[in-house]
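S.K.: Just one file: input-v6.txt, with compact mmCIF, C-alpha atoms.
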```
# COMPACT_ATOMS: atom_id res chain seq x y z
CA MET A 174 -1.09 -18.69 -17.63
CA THR A 175 -1.62 -20.30 -14.24
CA THR A 176 1.23 -19.95 -11.75
CA PRO A 177 2.59 -23.31 -10.54
CA LEU A 178 1.83 -23.78 -6.84
CA LYS A 179 4.59 -25.13 -4.65
CA SER A 180 2.67 -27.30 -2.21
CA VAL A 181 5.72 -28.85 -0.59
CA ARG A 182 6.98 -25.55 0.80
CA THR A 183 6.43 -24.84 4.50
CA PRO A 184 4.93 -21.47 5.54
CA SER A 185 7.16 -19.40 7.81
CA TYR A 186 4.33 -17.28 9.24
CA GLU A 187 0.71 -17.93 10.14
CA SER A 188 -0.58 -14.86 8.31
CA VAL A 189 0.52 -11.90 6.20
CA LEU A 190 -0.70 -8.31 6.15
CA PHE A 191 0.06 -5.90 3.30
CA ASP A 192 0.08 -2.19 2.73
CA LEU A 193 -1.83 -1.30 -0.46
CA ASP A 194 -0.24 1.60 -2.37
CA GLY A 195 3.31 0.78 -3.41
CA THR A 196 3.22 -2.71 -1.91
CA LEU A 197 0.35 -4.71 -3.41
CA ALA A 198 -0.68 -2.29 -6.13
CA ASP A 199 1.12 0.26 -8.29
CA THR A 200 -1.31 3.13 -7.79
CA ALA A 201 1.20 5.87 -8.64
CA PRO A 202 0.05 6.43 -12.25
CA ASP A 203 -3.51 7.25 -11.20
CA LEU A 204 -2.38 9.33 -8.21
CA ALA A 205 0.01 11.25 -10.45
CA ALA A 206 -2.77 11.80 -12.98
CA ALA A 207 -4.92 13.35 -10.24
CA ALA A 208 -2.05 15.68 -9.33
CA ASN A 209 -1.41 16.57 -12.97
CA GLN A 210 -5.08 17.41 -13.39
CA LEU A 211 -4.50 20.18 -10.85
CA LEU A 212 -1.84 21.60 -13.15
CA ILE A 213 -3.85 21.18 -16.34
CA THR A 214 -6.85 22.94 -14.77
CA ARG A 215 -4.57 25.89 -13.99
CA GLY A 216 -3.12 26.01 -17.48
CA LEU A 217 0.20 24.54 -16.37
CA SER A 218 2.20 21.70 -17.89
CA PRO A 219 1.86 18.28 -16.24
CA LYS A 220 4.82 16.79 -14.36
CA PRO A 221 6.46 13.53 -15.48
CA LEU A 222 5.43 10.38 -13.62
CA GLU A 223 9.06 9.78 -12.59
CA LEU A 224 8.99 13.01 -10.57
CA LEU A 225 5.65 12.36 -8.90
CA ARG A 226 6.02 8.61 -8.32
CA PRO A 227 8.23 8.72 -5.17
CA MET A 228 5.61 10.92 -3.46
CA ALA A 229 2.76 8.48 -3.98
CA SER A 230 3.21 6.94 -0.52
CA MET A 231 2.73 10.41 1.01
CA GLY A 232 -0.64 10.85 -0.71
CA ALA A 233 -2.09 14.31 -1.29
CA ARG A 234 0.47 16.00 0.93
CA GLY A 235 3.47 14.84 -1.09
CA LEU A 236 1.91 14.98 -4.53
CA ILE A 237 0.55 18.51 -4.12
CA LYS A 238 3.93 19.69 -2.84
CA VAL A 239 5.72 18.36 -5.93
CA ALA A 240 3.02 19.41 -8.38
CA LEU A 241 2.29 22.92 -7.11
CA GLY A 242 4.91 23.60 -4.46
CA ILE A 243 2.21 24.03 -1.82
CA GLU A 244 2.87 22.79 1.73
CA VAL A 245 0.27 21.63 4.26
CA ASP A 246 0.52 24.91 6.23
CA ASP A 247 -0.41 26.94 3.16
CA PRO A 248 -3.97 28.36 3.51
CA ARG A 249 -4.74 27.07 0.00
CA PHE A 250 -3.80 23.49 0.83
CA LEU A 251 -7.15 22.18 2.11
CA SER A 252 -9.17 23.29 -0.91
CA ILE A 253 -6.51 21.99 -3.29
CA ARG A 254 -6.38 18.70 -1.40
CA ASP A 255 -10.14 18.31 -1.82
CA GLU A 256 -9.78 19.04 -5.54
CA PHE A 257 -6.99 16.47 -5.82
CA LEU A 258 -9.01 13.81 -3.97
CA ASN A 259 -12.03 14.42 -6.18
CA ASN A 260 -9.83 14.04 -9.26
CA TYR A 261 -8.48 10.75 -7.92
CA GLU A 262 -11.89 9.40 -6.91
CA GLN A 263 -13.23 9.93 -10.42
CA ALA A 264 -10.39 7.91 -12.02
CA ILE A 265 -9.17 5.57 -9.28
CA HIS A 266 -8.55 2.46 -11.38
CA VAL A 267 -7.41 3.50 -14.85
CA HIS A 268 -3.74 2.51 -14.85
CA THR A 269 -3.43 0.95 -11.38
CA GLU A 270 -2.47 -2.73 -11.32
CA LEU A 271 -0.88 -5.26 -8.99
CA PHE A 272 2.90 -5.24 -9.01
CA GLN A 273 4.42 -8.02 -11.07
CA GLY A 274 4.70 -11.11 -8.88
CA ILE A 275 1.98 -10.14 -6.41
CA GLU A 276 -0.73 -12.22 -8.09
CA ALA A 277 1.50 -15.31 -7.86
CA LEU A 278 2.27 -14.53 -4.22
CA LEU A 279 -1.42 -14.22 -3.33
CA ASP A 280 -2.11 -17.47 -5.18
CA GLN A 281 0.48 -19.17 -2.99
CA LEU A 282 -1.06 -17.75 0.19
CA ASP A 283 -4.55 -18.81 -0.86
CA HIS A 284 -3.33 -22.26 -1.88
CA HIS A 285 -1.69 -22.81 1.50
CA ARG A 286 -4.75 -21.31 3.26
CA ILE A 287 -2.65 -18.62 4.89
CA PRO A 288 -4.90 -15.71 5.86
CA TRP A 289 -3.88 -12.30 4.58
CA GLY A 290 -5.25 -8.81 4.82
CA ILE A 291 -4.72 -5.21 3.75
CA VAL A 292 -3.85 -2.32 6.06
CA THR A 293 -3.57 1.02 4.29
CA ASN A 294 -3.59 4.70 5.23
CA LYS A 295 -5.88 5.33 2.26
CA GLN A 296 -9.31 6.54 3.37
CA GLU A 297 -12.20 4.07 3.14
CA ARG A 298 -13.74 6.35 0.51
CA PHE A 299 -10.94 5.30 -1.86
CA THR A 300 -9.88 1.92 -0.49
CA HIS A 301 -13.15 0.09 -0.93
CA PRO A 302 -13.85 1.12 -4.54
CA LEU A 303 -10.28 0.31 -5.54
CA VAL A 304 -10.01 -3.12 -3.91
CA LYS A 305 -13.45 -3.99 -5.25
CA SER A 306 -12.45 -2.93 -8.76
CA MET A 307 -9.32 -5.07 -8.46
CA ARG A 308 -11.41 -7.91 -6.95
CA LEU A 309 -9.15 -8.14 -3.93
CA ASP A 310 -12.19 -7.94 -1.66
CA GLU A 311 -13.18 -11.37 -2.99
CA ARG A 312 -9.92 -12.82 -1.65
CA THR A 313 -9.64 -11.34 1.84
CA PRO A 314 -12.25 -10.36 4.45
CA ALA A 315 -9.81 -8.07 6.28
CA ILE A 316 -9.33 -4.60 4.79
CA VAL A 317 -8.48 -1.73 7.14
CA SER A 318 -8.16 1.87 5.94
CA GLY A 319 -6.54 4.98 7.40
CA ASP A 320 -9.82 6.18 8.87
CA THR A 321 -11.20 2.79 9.99
CA THR A 322 -9.65 3.24 13.44
CA ALA A 323 -8.99 6.40 15.44
CA TYR A 324 -5.34 6.43 14.35
CA PRO A 325 -3.60 5.70 11.04
CA LYS A 326 -0.15 4.12 10.72
CA PRO A 327 2.44 4.43 12.25
CA HIS A 328 0.05 3.75 15.13
CA PRO A 329 -0.42 -0.02 15.52
CA ALA A 330 -4.23 0.20 15.88
CA PRO A 331 -5.06 -0.52 12.20
CA ILE A 332 -2.77 -3.54 12.10
CA LEU A 333 -4.09 -4.91 15.39
CA LEU A 334 -7.66 -4.51 14.12
CA CYS A 335 -6.81 -6.40 10.94
CA ALA A 336 -5.21 -9.16 13.02
CA GLN A 337 -8.36 -9.33 15.12
CA MET A 338 -10.52 -9.59 11.98
CA LEU A 339 -8.41 -12.50 10.77
CA LYS A 340 -8.24 -14.06 14.26
CA ILE A 341 -4.47 -14.34 14.05
CA ASP A 342 -1.58 -13.90 16.49
CA PRO A 343 0.42 -10.76 15.57
CA SER A 344 3.63 -12.29 16.95
CA LYS A 345 3.35 -15.11 14.40
CA SER A 346 2.53 -12.80 11.51
CA ILE A 347 4.36 -10.42 9.21
CA TYR A 348 3.53 -7.01 7.72
CA VAL A 349 4.77 -5.85 4.32
CA GLY A 350 5.01 -2.17 3.42
CA ASP A 351 6.94 0.39 1.39
CA ASP A 352 7.02 3.25 3.90
CA LEU A 353 8.81 3.84 7.20
CA ARG A 354 5.40 4.22 8.87
CA ASP A 355 4.52 0.68 7.79
CA ILE A 356 7.58 -0.75 9.50
CA GLN A 357 7.02 1.32 12.62
CA ALA A 358 3.37 0.23 12.82
CA GLY A 359 4.23 -3.42 12.22
CA HIS A 360 6.82 -3.49 14.97
CA ALA A 361 4.54 -1.60 17.36
CA ALA A 362 1.90 -4.28 16.74
CA GLY A 363 4.42 -7.00 17.59
CA MET A 364 4.85 -8.27 14.05
CA HIS A 365 7.85 -9.10 11.93
CA THR A 366 8.13 -6.76 8.94
CA ILE A 367 9.24 -6.64 5.31
CA ALA A 368 10.32 -3.35 3.73
CA ALA A 369 9.25 -3.36 0.08
CA ALA A 370 12.03 -1.38 -1.57
CA TYR A 371 10.38 -1.86 -4.97
CA GLY A 372 7.60 0.50 -3.85
CA TYR A 373 7.51 4.28 -3.51
CA CYS A 374 9.47 4.57 -0.23
CA GLY A 375 9.38 8.39 -0.22
CA GLU A 376 12.47 10.53 0.10
CA GLU A 377 12.81 10.91 3.88
CA SER A 378 15.10 7.94 4.52
CA PRO A 379 16.31 4.86 2.59
CA ALA A 380 14.40 1.61 3.13
CA HIS A 381 17.46 -0.20 4.49
CA SER A 382 17.54 2.22 7.44
CA TRP A 383 13.99 1.51 8.64
CA GLY A 384 14.90 -1.46 10.83
CA ALA A 385 12.63 -3.93 9.05
CA THR A 386 13.09 -7.64 9.71
CA TYR A 387 13.63 -8.14 5.98
CA LEU A 388 14.30 -5.95 2.95
CA VAL A 389 13.17 -7.01 -0.53
CA GLN A 390 13.76 -5.53 -3.97
CA ASN A 391 10.85 -7.28 -5.71
CA PRO A 392 7.73 -9.27 -4.76
CA SER A 393 9.29 -12.63 -5.66
CA GLU A 394 11.64 -12.21 -2.70
CA ILE A 395 8.63 -11.98 -0.38
CA GLU A 396 7.60 -15.49 -1.37
CA ASP A 397 11.06 -16.78 -0.45
CA ILE A 398 10.67 -15.26 3.02
CA LEU A 399 7.15 -16.57 3.58
CA PHE A 400 7.86 -20.11 2.40
CA LYS A 401 10.87 -22.26 3.22
```
Before anything else, please render the file you have as structure tokens.
M.R.:
Amino acid sequence: MTTPLKSVRTPSYESVLFDLDGTLADTAPDLAAAANQLLITRGLSPKPLELLRPMASMGARGLIKVALGIEVDDPRFLSIRDEFLNNYEQAIHVHTELFQGIEALLDQLDHHRIPWGIVTNKQERFTHPLVKSMRLDERTPAIVSGDTTAYPKPHPAPILLCAQMLKIDPSKSIYVGDDLRDIQAGHAAGMHTIAAAYGYCGEESPAHSWGATYLVQNPSEIEDILFK
């Protein structure tokens, strides 16, 4: 069913940038499956998705800690991380899908010819196959990964590069993310920000404490911020 487009609404920002995991796409089920494969390989019982889901925004570091109790300073961590990443790469788009309401939001942006891009801390090795599989690369020319620049978020470099690719003014743009690092990076780049509380958000601090310009509980609220 085609989403009705609200042409009479006025855009509030010239462009929009999005985080990927936990903001545009619900990647937690496939990330959790990669972590559970570590357990299954070792003859252990898999963990429930509800336990692993909040750690999805922390990637391998958080998921391995919950799954196996192994921290980054453990000498076993690097080899287990590589195993986890290989598991994920082999099944990167099995259960992953856009969050409900995101497709309609992107339709609105495209309809109003508002440029948008993706800035993620995911490595290019995983970002490009995933966005291609989801056909997001057909909708935006600006996709920046965690290893595209010298520094990942919370450094502003990835966001500023994405803004440069889109030829947009960061001060007239907004960045949407579900992690404190997203908000920090957005502000450091001179952008307004939206904290996506419907995402993974981690366990370090609640989303309302991040200092974002806006806080939303679902993607439909983003549309109300972007269009008046």
S.K.: Can you tell me, as a ChimeraX atom specification, what residues are no more than 9 Å from Cys335 in chain A when counting only C-alpha atoms, ignoring any on the same chain fewer than 3 positions away?
M.R.: /A:190,290-292,315-317,330-332,338-341
S.K.: In Å, with one decimal, what is the gap from CA of Gln281 in chain A to CA of Leu204 in chain A?
M.R.: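 Straight-line distance from CA of Gln281 in chain A to CA of Leu204 in chain A works out to 29.1 Å.
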S.K.: Nearest to Tyr371 in chain A among A:Ala264, A:Leu388, A:Met307, A:Ala233, with distances taken over all atoms listed in the file: which residue is it?
M.R.: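 Closest candidate: A:Leu388.
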S.K.: Rounded to one decimal, what separation in Å do you get between CA of Glu187 in chain A and CA of Ser346 in chain A?
M.R.: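 Atom-to-atom, CA of Glu187 in chain A and CA of Ser346 in chain A are spaced 5.6 Å apart.
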S.K.: Could you please determine the separation between CA of Asp352 in chain A and CA of Glu262 in chain A in Å, to one decimal place?
M.R.: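 Between CA of Asp352 in chain A and CA of Glu262 in chain A the gap is 22.6 Å.
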S.K.: Write out as a PDB file with C-alpha atoms, keeping the file's coordinate frame the residues lying within 10 Å of Asp320 in chain A, counting all atoms listed in the file and excluding same-chain residues fewer than 4 positions away.
M.R.:
```
ATOM      1  CA  THR A 293      -3.570   1.020   4.290  1.00  0.00           C
ATOM      2  CA  ASN A 294      -3.590   4.700   5.230  1.00  0.00           C
ATOM      3  CA  LYS A 295      -5.880   5.330   2.260  1.00  0.00           C
ATOM      4  CA  GLN A 296      -9.310   6.540   3.370  1.00  0.00           C
ATOM      5  CA  GLU A 297     -12.200   4.070   3.140  1.00  0.00           C
ATOM      6  CA  ARG A 298     -13.740   6.350   0.510  1.00  0.00           C
ATOM      7  CA  TYR A 324      -5.340   6.430  14.350  1.00  0.00           C
ATOM      8  CA  PRO A 325      -3.600   5.700  11.040  1.00  0.00           C
ATOM      9  CA  PRO A 331      -5.060  -0.520  12.200  1.00  0.00           C
TER      10      PRO A 331
END
```
S.K.: Measuring between all atoms listed in the file, which one of A:Pro343, A:Gly242, A:Gly235, A:Gly195 shows the shortest distance to Leu212 in chain A?
M.R.: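 Using all atoms listed in the file, the shortest distance to Leu212 in chain A belongs to A:Gly242.
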S.K.: Within 12 Å of Ser306 in chain A, counting all atoms listed in the file, which residues show up once you throw out same-chain ones fewer than 2 positions away? Write them as a PyMOL selection string, please.
M.R.: chain A and resi 264-271+299-304+308-311
S.K.: Find, counting all atoms listed in the file, the residue in A:Ile395, A:Ala380, A:Ala206, A:Leu217 that gets nearest to Tyr261 in chain A.
M.R.: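 Result for the nearest residue to Tyr261 in chain A: A:Ala206.
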S.K.: Which one of A:Ile275, A:Cys374, A:Ile287, A:Ile243 sits closest to Ile347 in chain A if you count all atoms listed in the file?
M.R.: A:Ile287
S.K.: Between A:Lys326, A:Arg249, A:Lys345, A:Arg254, which has the minimum distance to Leu211 in chain A (counting only C-alpha atoms)?
M.R.: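 Between A:Lys326, A:Arg249, A:Lys345, A:Arg254, the residue approaching Leu211 in chain A most closely is A:Arg254.
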S.K.: From the set A:Gln263, A:Thr322, A:Thr386, A:Ser185, which residue has the shortest atom-to-atom contact distance to Ala207 in chain A, counting all atoms listed in the file?
M.R.: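 Looking only at the distances to Ala207 in chain A, the closest residue turns out to be A:Gln263.
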